[in-house]
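Asker: One structure is given below, represented as structure tokens, and several questions about it will come after.
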Amino acid sequence: MSDQSKAQLMDRRSFFKSSFSKIADIGSEHALKKVEHNAKGWIRPPFAINELDFLLNCSRCGECIKACPQQVIFELPLHRGTVAVATPAMDIPNKACELCTDWPCVTACKDKALAFPAVQPKQVQQQENVSLPADNASENEGTIEGYPAAGQCPPMASAKVNSSLCMPYSGPECGACRGSCPIEETLTWHNEQPSINQETCVGCGQCVQACITTPKAIEVGHFSSVGPQSTDTGQIK
């Protein structure tokens, strides 16, 4: 990165930190609610911290976007508001997050806007010459030692099955999404009909990507925009 680019990055960071520090200092309940309300319009990448702190910490460097191998992360455009412009969001409704075992988007974030809870991954701690507790090794198959497993990712979004569109609810067998969920006991089947456990779903969208109906019978979005799962009556509550 050139000296000019670094200077521009620092200027942007200072501007956003200054703006949001004023909100935090004032403690305006209205301002905080507005930040939370606006955040319902997008889905943040894995392990994003709370929205206000995210906006304070994120320097809009774009490193998490570059690090995403599936190109699921994108910059929010200006029409989303000057406060959130250029911050990273996930295009999960159209492209699934693969919940990478080494979480490249998180490790690429030097601002700690995306941050693992408590104990850091082994590789990151080795870089910082910090010892990793021996009992932190992952016991989950398909994960990298020291990194959180897919099921440990905080919910990014919420998914539900729309039974009015899902073929097994109207008669024909399907099963296209069977086996697509990386988290055990989340996409379950009863009488050959799928349902999603909201308690364990992280909203990665892999089941949506596997769905073969048009429009998709599985919907994913921000928690506020995806309501309770539809029932076998075909009505979405």
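In the structure tokens, chains take letters A, B, ... by order of appearance, with residues numbered from 1 within each chain and ligands from 1 in the order shown.
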Got a sec: who's within 6 Å of A:Ala89, counting only C-alpha atoms, leaving out chain neighbours fewer than 2 positions off, as a ChimeraX atom specification?
Answerer: /A:43-45,73-74
Asker: May I have the selected residues written with C-alpha atoms, as an mmCIF file, in the first residue's frame?
Answerer:
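Now in again.cif:
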data_model
loop_
_atom_site.group_PDB
_atom_site.id
_atom_site.type_symbol
_atom_site.label_atom_id
_atom_site.label_comp_id
_atom_site.auth_asym_id
_atom_site.auth_seq_id
_atom_site.Cartn_x
_atom_site.Cartn_y
_atom_site.Cartn_z
ATOM 1 C CA ILE A 43 -25.844 -9.004 6.566
ATOM 2 C CA ARG A 44 -22.366 -8.639 8.045
ATOM 3 C CA PRO A 45 -19.526 -11.162 7.510
ATOM 4 C CA ILE A 73 -18.524 -10.147 0.592
ATOM 5 C CA PHE A 74 -19.037 -6.791 -1.103
#
Asker: For stretch 94-104 of chain A, work out the shell of residues within 6 Å, counting only C-alpha atoms and skipping chain neighbours fewer than 5 positions away, then give it as a CSV table (one decimal) with C-alpha atoms, in the first residue's frame.
Answerer:
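Final output, part.csv:
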chain,number,residue,atom,x,y,z
A,67,ALA,CA,-9.8,-12.5,1.3
A,143,THR,CA,-12.1,-27.9,10.9
A,144,ILE,CA,-8.6,-26.6,11.3
A,150,ALA,CA,-18.9,-23.7,11.7
A,204,CYS,CA,-24.9,-19.1,5.8
A,205,GLY,CA,-27.3,-19.7,2.9
A,206,GLN,CA,-25.8,-23.1,1.8
Asker: Might you pull out every residue within 9 Å of A:Thr87, with only C-alpha atoms counted and same-chain residues fewer than 5 positions away left off, and present them as a PyMOL selection string?
Answerer: chain A and resi 44+55+58-62+74-77
Asker: Which is closer to A:Leu114 than all the others in A:Gln70, A:Pro168, A:Gly151, A:Leu56, using only C-alpha atoms?
Answerer: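 Looking at the shortest contact to A:Leu114, the residue is A:Leu56.
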Asker: Just to confirm, what's the straight-line distance from atom CA of A:Cys181 to atom CA of A:Glu145 in Å (one decimal)?
Answerer: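 Separation between atom CA of A:Cys181 and atom CA of A:Glu145: 21.1 Å.
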Asker: Just to confirm, what's the straight-line distance from atom CA of A:Arg80 to atom CA of A:Glu63 in Å (one decimal)?
Answerer: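 Computing the Euclidean distance for atom CA of A:Arg80 and atom CA of A:Glu63 yields 20.3 Å.
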Asker: Could you tell me, as a list of chain:residue names, which residues of stretch 34-215 of chain A DSSP assigns to strand (DSSP E) when given the backbone?
Answerer: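 Result set for stretch 34-215 of chain A (strand (DSSP E)): A:Ile73, A:Phe74, A:Glu75, A:Pro88, A:Ala89, A:Met90, A:Ser158, A:Ala159, A:Lys160, A:Val161, A:Leu187, A:Thr188, A:Trp189, A:His190, A:Gln193, A:Pro194, A:Ser195, A:Ile196.
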Asker: Which is closer to A:Met90 than all the others in A:Cys166, A:Glu173, A:Leu32, A:Gly203, using only C-alpha atoms?
Answerer: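 The answer is A:Gly203, which sits nearest to A:Met90.
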Asker: Hey, which of A:Asn50, A:Asn162, A:Thr188, A:Thr107 ends up closest to A:Glu36? Count only C-alpha atoms.
Answerer: A:Asn50
Asker: Quick check, in Å to one decimal: how far apart do atom CA of A:Pro46 and atom CA of A:Gly179 lie?
Answerer: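 Computed distance, atom CA of A:Pro46 to atom CA of A:Gly179, equals 21.6 Å.
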Asker: List as a list in words the protein and nucleic acid residues near A:Glu219, meaning an atom at most 8 Å away when only C-alpha atoms are counted, but skip any in the same chain fewer than 2 places from it.
Answerer: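 In the requested format, the answer is Pro93, Ala159, Lys160, Val161, Asn162, Val208, Lys216, Ala217, Gly221 and Val226 of chain A.
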Asker: I need the residues from that last selection saved to file as a PDB file, in the first residue's frame (with C-alpha atoms), if you can.
Answerer:
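again27.pdb, written as the output of this step:
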ATOM      1  CA  PRO A  93     -29.427 -14.354  -0.469  1.00  0.00           C
ATOM      2  CA  ALA A 159     -33.187 -18.918   7.157  1.00  0.00           C
ATOM      3  CA  LYS A 160     -36.612 -20.498   6.874  1.00  0.00           C
ATOM      4  CA  VAL A 161     -38.464 -22.922   4.630  1.00  0.00           C
ATOM      5  CA  ASN A 162     -41.416 -21.508   2.717  1.00  0.00           C
ATOM      6  CA  VAL A 208     -30.640 -21.755  -0.253  1.00  0.00           C
ATOM      7  CA  LYS A 216     -36.259 -20.378  -3.830  1.00  0.00           C
ATOM      8  CA  ALA A 217     -38.248 -22.321  -1.252  1.00  0.00           C
ATOM      9  CA  GLY A 221     -32.199 -12.547   5.364  1.00  0.00           C
ATOM     10  CA  VAL A 226     -37.118 -13.420   8.053  1.00  0.00           C
TER      11      VAL A 226
END
Asker: Looking at only C-alpha atoms, which of A:Ala84, A:Ile92, A:Val106, A:Ile65 is the one that sits closest to A:Tyr147?
Answerer: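 Nearest candidate to A:Tyr147 out of A:Ala84, A:Ile92, A:Val106, A:Ile65: A:Val106.
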